[in-house]
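See below for upload-v6.cif, which holds mmCIF, C-alpha atoms and all ligand atoms.
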```
data_target
#
loop_
_atom_site.group_PDB
_atom_site.id
_atom_site.type_symbol
_atom_site.label_atom_id
_atom_site.label_comp_id
_atom_site.auth_asym_id
_atom_site.auth_seq_id
_atom_site.Cartn_x
_atom_site.Cartn_y
_atom_site.Cartn_z
ATOM 1 C CA MET A 1232 10.344 11.259 30.924
ATOM 2 C CA LYS A 1233 12.048 7.910 30.445
ATOM 3 C CA SER A 1234 13.242 6.427 27.194
ATOM 4 C CA TYR A 1235 14.362 2.952 26.167
ATOM 5 C CA ARG A 1236 15.981 1.647 22.986
ATOM 6 C CA LYS A 1237 16.349 -1.913 21.748
ATOM 7 C CA GLU A 1238 17.215 -3.609 18.447
ATOM 8 C CA LEU A 1239 15.702 -6.894 17.272
ATOM 9 C CA TRP A 1240 17.778 -8.862 14.756
ATOM 10 C CA PHE A 1241 16.424 -11.219 12.129
ATOM 11 C CA ASN A 1242 17.879 -13.525 9.490
ATOM 12 C CA THR A 1243 14.999 -15.134 7.619
ATOM 13 C CA PRO A 1244 15.664 -18.332 5.627
ATOM 14 C CA ASN A 1245 13.426 -17.086 2.793
ATOM 15 C CA ARG A 1246 13.588 -13.988 0.599
ATOM 16 C CA ARG A 1247 10.120 -13.000 1.883
ATOM 17 C CA ASP A 1248 8.686 -13.724 5.323
ATOM 18 C CA TYR A 1249 6.228 -12.332 7.862
ATOM 19 C CA LEU A 1250 7.171 -12.645 11.521
ATOM 20 C CA ASN A 1251 4.847 -11.846 14.405
ATOM 21 C CA ILE A 1252 7.033 -9.735 16.719
ATOM 22 C CA THR A 1253 4.305 -8.635 19.160
ATOM 23 C CA ARG A 1254 5.761 -10.734 22.012
ATOM 24 C CA GLN A 1255 9.264 -9.337 21.485
ATOM 25 C CA VAL A 1256 7.913 -5.777 21.447
ATOM 26 C CA GLN A 1257 6.006 -6.416 24.684
ATOM 27 C CA ASP A 1258 9.197 -7.910 26.195
ATOM 28 C CA ALA A 1259 11.054 -4.676 25.359
ATOM 29 C CA LEU A 1260 8.235 -2.694 26.933
ATOM 30 C CA ASN A 1261 8.488 -4.803 30.109
ATOM 31 C CA GLU A 1262 12.264 -4.212 30.220
ATOM 32 C CA SER A 1263 11.706 -0.449 29.913
ATOM 33 C CA LYS A 1264 9.410 -0.366 32.997
ATOM 34 C CA ILE A 1265 7.426 2.362 31.186
ATOM 35 C CA GLN A 1266 3.705 2.289 32.058
ATOM 36 C CA GLU A 1267 2.270 5.182 30.013
ATOM 37 C CA GLY A 1268 3.668 6.488 26.724
ATOM 38 C CA MET A 1269 4.336 5.604 23.108
ATOM 39 C CA ILE A 1270 6.334 2.910 21.374
ATOM 40 C CA LEU A 1271 7.821 3.213 17.909
ATOM 41 C CA VAL A 1272 8.806 0.053 16.033
ATOM 42 C CA ASN A 1273 10.527 0.528 12.668
ATOM 43 C CA ALA A 1274 12.481 -1.482 10.146
ATOM 44 C CA MET A 1275 16.042 -0.171 9.838
ATOM 45 C CA HIS A 1276 16.289 -1.382 6.245
ATOM 46 C CA ILE A 1277 14.688 -0.103 3.047
ATOM 47 C CA THR A 1278 13.615 -3.575 1.901
ATOM 48 C CA ALA A 1279 11.647 -4.577 5.035
ATOM 49 C CA SER A 1280 8.506 -3.352 6.805
ATOM 50 C CA VAL A 1281 6.912 -3.217 10.207
ATOM 51 C CA PHE A 1282 3.119 -3.216 10.097
ATOM 52 C CA ILE A 1283 0.044 -4.160 12.120
ATOM 53 C CA ASN A 1284 -2.538 -6.651 10.940
ATOM 54 C CA ASP A 1285 -4.145 -10.023 11.667
ATOM 55 C CA ASP A 1286 -2.073 -13.108 12.552
ATOM 56 C CA GLU A 1287 -3.819 -15.322 10.017
ATOM 57 C CA SER A 1288 -1.867 -17.438 7.528
ATOM 58 C CA GLY A 1289 -4.423 -17.060 4.719
ATOM 59 C CA LEU A 1290 -4.071 -13.296 4.927
ATOM 60 C CA HIS A 1291 -0.277 -13.571 4.825
ATOM 61 C CA ASN A 1292 -0.588 -15.649 1.673
ATOM 62 C CA ASP A 1293 -2.902 -12.958 0.277
ATOM 63 C CA PHE A 1294 -0.247 -10.320 1.030
ATOM 64 C CA GLU A 1295 2.296 -12.404 -0.885
ATOM 65 C CA VAL A 1296 0.041 -12.813 -3.934
ATOM 66 C CA TRP A 1297 -1.058 -9.167 -3.910
ATOM 67 C CA LEU A 1298 2.476 -7.801 -3.543
ATOM 68 C CA GLU A 1299 3.737 -10.095 -6.309
ATOM 69 C CA LYS A 1300 1.035 -8.684 -8.618
ATOM 70 C CA LEU A 1301 1.983 -5.109 -7.764
ATOM 71 C CA ALA A 1302 5.749 -5.576 -7.834
ATOM 72 C CA PRO A 1303 6.766 -9.015 -9.137
ATOM 73 C CA GLU A 1304 10.239 -10.164 -8.108
ATOM 74 C CA LYS A 1305 11.033 -11.425 -11.634
ATOM 75 C CA PRO A 1306 12.105 -10.723 -14.278
ATOM 76 C CA TYR A 1307 14.819 -8.748 -12.528
ATOM 77 C CA ASN A 1308 15.597 -6.686 -15.625
ATOM 78 C CA GLN A 1309 12.145 -5.010 -15.597
ATOM 79 C CA TYR A 1310 13.431 -2.552 -12.961
ATOM 80 C CA HIS A 1311 15.874 0.332 -13.380
ATOM 81 C CA HIS A 1312 17.157 -0.240 -9.813
ATOM 82 C CA ASN A 1313 18.363 -3.742 -10.693
ATOM 83 C CA GLY A 1314 21.846 -3.280 -12.049
ATOM 84 C CA TYR A 1315 24.219 -4.485 -9.389
ATOM 85 C CA GLU A 1316 21.254 -5.455 -7.201
ATOM 86 C CA ASP A 1317 18.177 -7.651 -7.736
ATOM 87 C CA ASN A 1318 15.936 -6.234 -5.016
ATOM 88 C CA ALA A 1319 13.899 -3.471 -6.668
ATOM 89 C CA ASP A 1320 10.714 -5.430 -5.950
ATOM 90 C CA ALA A 1321 11.628 -5.534 -2.255
ATOM 91 C CA HIS A 1322 11.990 -1.730 -2.111
ATOM 92 C CA LEU A 1323 8.539 -1.349 -3.715
ATOM 93 C CA LYS A 1324 6.921 -3.952 -1.433
ATOM 94 C CA ARG A 1325 8.374 -2.235 1.620
ATOM 95 C CA GLN A 1326 7.055 1.114 0.429
ATOM 96 C CA ILE A 1327 3.463 -0.094 0.303
ATOM 97 C CA MET A 1328 3.621 -2.168 3.525
ATOM 98 C CA GLY A 1329 5.152 0.716 5.471
ATOM 99 C CA ARG A 1330 8.249 1.475 7.486
ATOM 100 C CA GLU A 1331 7.001 1.662 11.069
ATOM 101 C CA VAL A 1332 4.201 1.455 13.578
ATOM 102 C CA CYS A 1333 3.525 3.601 16.617
ATOM 103 C CA VAL A 1334 1.476 2.071 19.442
ATOM 104 C CA ALA A 1335 0.064 3.604 22.617
ATOM 105 C CA ILE A 1336 1.220 2.174 25.946
ATOM 106 C CA THR A 1337 -1.417 1.948 28.672
ATOM 107 C CA GLU A 1338 -0.732 0.431 32.106
ATOM 108 C CA GLY A 1339 2.472 -1.168 30.823
ATOM 109 C CA LYS A 1340 0.772 -2.958 27.914
ATOM 110 C CA LEU A 1341 0.589 -2.423 24.155
ATOM 111 C CA ASP A 1342 -2.815 -0.788 23.683
ATOM 112 C CA LEU A 1343 -3.746 -2.793 20.564
ATOM 113 C CA GLY A 1344 -7.163 -3.598 19.152
ATOM 114 C CA PRO A 1345 -8.492 -7.137 19.643
ATOM 115 C CA TRP A 1346 -6.963 -8.610 16.476
ATOM 116 C CA GLU A 1347 -4.018 -6.281 16.015
ATOM 117 C CA GLN A 1348 -0.583 -7.899 15.965
ATOM 118 C CA ILE A 1349 2.774 -6.384 15.035
ATOM 119 C CA PHE A 1350 4.685 -7.953 12.134
ATOM 120 C CA TYR A 1351 8.123 -7.725 10.627
ATOM 121 C CA GLY A 1352 7.720 -8.022 6.854
ATOM 122 C CA GLU A 1353 10.879 -9.204 5.121
ATOM 123 C CA PHE A 1354 11.131 -8.709 1.337
ATOM 124 C CA ASP A 1355 14.846 -9.328 0.764
ATOM 125 C CA GLY A 1356 15.931 -11.762 3.445
ATOM 126 C CA LYS A 1357 18.583 -14.473 3.948
ATOM 127 C CA ARG A 1358 20.812 -11.908 5.713
ATOM 128 C CA ARG A 1359 20.992 -10.204 9.078
ATOM 129 C CA LYS A 1360 18.649 -7.235 9.377
ATOM 130 C CA ARG A 1361 17.200 -5.340 12.294
ATOM 131 C CA VAL A 1362 14.242 -3.518 13.750
ATOM 132 C CA LEU A 1363 14.467 -0.545 16.106
ATOM 133 C CA ILE A 1364 12.231 -0.228 19.152
ATOM 134 C CA LYS A 1365 12.105 3.186 20.839
ATOM 135 C CA ILE A 1366 9.902 3.744 23.842
ATOM 136 C CA ILE A 1367 9.175 7.060 25.544
ATOM 137 C CA GLY A 1368 6.976 7.765 28.536
ATOM 138 C CA GLU A 1369 6.730 7.508 32.290
HETATM 139 ZN ZN ZN B 1 18.282 -2.088 -3.625
#
```
Full structure transcribed into structure tokens:
Amino acid sequence: MKSYRKELWFNTPNRRDYLNITRQVQDALNESKIQEGMILVNAMHITASVFINDDESGLHNDFEVWLEKLAPEKPYNQYHHNGYEDNADAHLKRQIMGREVCVAITEGKLDLGPWEQIFYGEFDGKRRKRVLIKIIGE
């Protein structure tokens, strides 16, 4: 069995952002030369997510509105976590949007459904953060 590891680094200009990373994940898969197996993609930070959904800007706006209803960023003092930090909302948003995705690899390609795309969800950006890609297979 082969394995391959790669980190993707991000530094979003906004506190919250959604980046389609499907191409970068496929690039890592190509580098690995693995044809059949599994690929794990996870945020390495507790205020960011990796998830699969549609690449449609209206939906991304809906995520923003929905997450702000569930866990509004402000006022900062509504959260126990916010003493020295101001990112309690980002921890909560990450929790509901998920830490990682796992995708099947078939014939050297991500075996995704027709509208499935892989996203990095940033909830406390404006600093360098990373995603781990781990691939195992043959
Ligand atoms: Zn925190």
Practice task
Give as an NGL selection string each residue that has an atom at most 9 Å from (12.2, -2.7, 19.1) in the file, counting only C-alpha atoms.
Solution key: :A and (1236-1239 or 1255-1256 or 1259-1260 or 1270-1273 or 1361-1366)
Exercise for the section: Name the residues, by chain letter and number, that sit within 8 Å of ligand ZN 1 (chain B) using all atoms listed in the file, and give them as a ChimeraX atom specification. Expected result: /A:1277-1278,1312-1313,1316-1319,1321-1322
For the residues in the current selection, export C-alpha atoms as a JSON list (two decimals), keeping the file's coordinate frame.
```json
[["chain", "number", "residue", "atom", "x", "y", "z"],
["A", 1277, "ILE", "CA", 14.69, -0.10, 3.05],
["A", 1278, "THR", "CA", 13.62, -3.58, 1.90],
["A", 1312, "HIS", "CA", 17.16, -0.24, -9.81],
["A", 1313, "ASN", "CA", 18.36, -3.74, -10.69],
["A", 1316, "GLU", "CA", 21.25, -5.46, -7.20],
["A", 1317, "ASP", "CA", 18.18, -7.65, -7.74],
["A", 1318, "ASN", "CA", 15.94, -6.23, -5.02],
["A", 1319, "ALA", "CA", 13.90, -3.47, -6.67],
["A", 1321, "ALA", "CA", 11.63, -5.53, -2.26],
["A", 1322, "HIS", "CA", 11.99, -1.73, -2.11]]
```
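Checking A:Glu1267, A:Glu1331, A:Glu1262, A:Glu1299 one by one against Gly1352 in chain A, counting all atoms listed in the file, you find the shortest gap at A:Glu1331.
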Practice task
In Å, rounded to a single decimal, give me how far CA of Gly1314 in chain A is from CA of Ala1279 in chain A.
Solution key: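 Interatomic distance here is 19.9 Å.
Residue membership of the PyMOL selection byres (((chain A and resi 1246) around 9) and not hetatm) in the shown file amounts to Thr1243, Pro1244, Asn1245, Arg1247, Asp1248, Glu1353, Phe1354, Asp1355, Gly1356 and Lys1357 of chain A.
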Exercise for the section: Kindly provide, as an NGL selection string, the polymer residues lying within 10 Å of (0.0, 2.2, 18.3), counting all atoms listed in the file and using the coordinates exactly as they appear in the file. Expected result: :A and (1269-1272 or 1283 or 1332-1336 or 1341-1344 or 1347 or 1349)
Handout entry: Nearest to Gln1266 in chain A, chosen from A:Gln1309, A:Gln1348, A:Asn1242, A:Ser1234, with only C-alpha atoms counted in the distances
Key =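 Looking only at the distances to Gln1266 in chain A, the closest residue turns out to be A:Ser1234.
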Problem - Straight-line distance linking CA of Asn1251 in chain A with CA of Ile1327 in chain A, stated in Å to one decimal - result: 18.4 Å
Coordinates of box centre and edge lengths for range 1288-1300 of chain A, 4 Å on every side, axis-aligned, as lines of an AutoDock Vina configuration file:
```
center_x = -0.3
center_y = -12.6
center_z = -0.5
size_x = 16.2
size_y = 17.6
size_z = 24.1
```
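For the atom pair formed by CA of Asp1258 in chain A and CA of Met1328 in chain A, the distance is 24.0 Å, given to one decimal.
Near Phe1350 in chain A, within 9 Å and counting only C-alpha atoms, sit A:Tyr1249, A:Leu1250, A:Asn1251, A:Ile1252, A:Thr1253, A:Ser1280, A:Val1281, A:Phe1282, A:Ile1283, A:Asn1284, A:Asp1286, not including residues fewer than 3 positions from it in the same chain.
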Handout entry: Contacts of Gly1368 in chain A within 6 Å, only C-alpha atoms, excl. fewer than 5 positions in-chain, as a PyMOL selection string
Key = chain A and resi 1232-1233+1267-1268
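Remark: for Ile1367 in chain A, the closest of the candidate residues A:Ser1263, A:Arg1325, A:Asn1308, A:Gln1257 is A:Ser1263 (distances computed over all atoms listed in the file).
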Problem - Nearest to Pro1345 in chain A by atom-to-atom distance, counting only C-alpha atoms, from A:Phe1294, A:Arg1254, A:Ile1265, A:Asp1285 - result: A:Asp1285
As a PDB file, in the coordinates of the input, please: range 1232-1249 of chain A completed to N, CA and C atoms.
```pdb
ATOM      1  N   MET A1232      10.717  12.251  31.925  1.00  0.00           N
ATOM      2  CA  MET A1232      10.344  11.259  30.924  1.00  0.00           C
ATOM      3  C   MET A1232      11.461  10.230  30.756  1.00  0.00           C
ATOM      4  N   LYS A1233      11.072   8.980  30.671  1.00  0.00           N
ATOM      5  CA  LYS A1233      12.048   7.910  30.445  1.00  0.00           C
ATOM      6  C   LYS A1233      12.075   7.554  28.951  1.00  0.00           C
ATOM      7  N   SER A1234      13.207   6.985  28.547  1.00  0.00           N
ATOM      8  CA  SER A1234      13.242   6.427  27.194  1.00  0.00           C
ATOM      9  C   SER A1234      14.016   5.108  27.227  1.00  0.00           C
ATOM     10  N   TYR A1235      13.743   4.276  26.240  1.00  0.00           N
ATOM     11  CA  TYR A1235      14.362   2.952  26.167  1.00  0.00           C
ATOM     12  C   TYR A1235      14.535   2.597  24.703  1.00  0.00           C
ATOM     13  N   ARG A1236      15.681   2.000  24.379  1.00  0.00           N
ATOM     14  CA  ARG A1236      15.981   1.647  22.986  1.00  0.00           C
ATOM     15  C   ARG A1236      16.427   0.197  22.916  1.00  0.00           C
ATOM     16  N   LYS A1237      15.937  -0.516  21.931  1.00  0.00           N
ATOM     17  CA  LYS A1237      16.349  -1.913  21.748  1.00  0.00           C
ATOM     18  C   LYS A1237      16.309  -2.253  20.265  1.00  0.00           C
ATOM     19  N   GLU A1238      17.234  -3.106  19.818  1.00  0.00           N
ATOM     20  CA  GLU A1238      17.215  -3.609  18.447  1.00  0.00           C
ATOM     21  C   GLU A1238      16.837  -5.085  18.457  1.00  0.00           C
ATOM     22  N   LEU A1239      16.009  -5.476  17.506  1.00  0.00           N
ATOM     23  CA  LEU A1239      15.702  -6.894  17.272  1.00  0.00           C
ATOM     24  C   LEU A1239      16.384  -7.281  15.967  1.00  0.00           C
ATOM     25  N   TRP A1240      17.072  -8.404  15.960  1.00  0.00           N
ATOM     26  CA  TRP A1240      17.778  -8.862  14.756  1.00  0.00           C
ATOM     27  C   TRP A1240      17.094 -10.081  14.157  1.00  0.00           C
ATOM     28  N   PHE A1241      17.066 -10.107  12.845  1.00  0.00           N
ATOM     29  CA  PHE A1241      16.424 -11.219  12.129  1.00  0.00           C
ATOM     30  C   PHE A1241      17.329 -11.686  10.990  1.00  0.00           C
ATOM     31  N   ASN A1242      17.201 -12.979  10.663  1.00  0.00           N
ATOM     32  CA  ASN A1242      17.879 -13.525   9.490  1.00  0.00           C
ATOM     33  C   ASN A1242      16.959 -14.609   8.935  1.00  0.00           C
ATOM     34  N   THR A1243      16.027 -14.191   8.075  1.00  0.00           N
ATOM     35  CA  THR A1243      14.999 -15.134   7.619  1.00  0.00           C
ATOM     36  C   THR A1243      15.582 -16.087   6.576  1.00  0.00           C
ATOM     37  N   PRO A1244      15.150 -17.351   6.593  1.00  0.00           N
ATOM     38  CA  PRO A1244      15.664 -18.332   5.627  1.00  0.00           C
ATOM     39  C   PRO A1244      15.137 -18.088   4.221  1.00  0.00           C
ATOM     40  N   ASN A1245      14.036 -17.347   4.098  1.00  0.00           N
ATOM     41  CA  ASN A1245      13.426 -17.086   2.793  1.00  0.00           C
ATOM     42  C   ASN A1245      13.622 -15.634   2.389  1.00  0.00           C
ATOM     43  N   ARG A1246      13.511 -15.381   1.082  1.00  0.00           N
ATOM     44  CA  ARG A1246      13.588 -13.988   0.599  1.00  0.00           C
ATOM     45  C   ARG A1246      12.472 -13.153   1.219  1.00  0.00           C
ATOM     46  N   ARG A1247      11.249 -13.723   1.284  1.00  0.00           N
ATOM     47  CA  ARG A1247      10.120 -13.000   1.883  1.00  0.00           C
ATOM     48  C   ARG A1247       9.547 -13.792   3.044  1.00  0.00           C
ATOM     49  N   ASP A1248       9.239 -13.100   4.124  1.00  0.00           N
ATOM     50  CA  ASP A1248       8.686 -13.724   5.323  1.00  0.00           C
ATOM     51  C   ASP A1248       7.914 -12.689   6.130  1.00  0.00           C
ATOM     52  N   TYR A1249       6.955 -13.191   6.928  1.00  0.00           N
ATOM     53  CA  TYR A1249       6.228 -12.332   7.862  1.00  0.00           C
ATOM     54  C   TYR A1249       6.371 -12.929   9.243  1.00  0.00           C
TER      55      TYR A1249
END
```
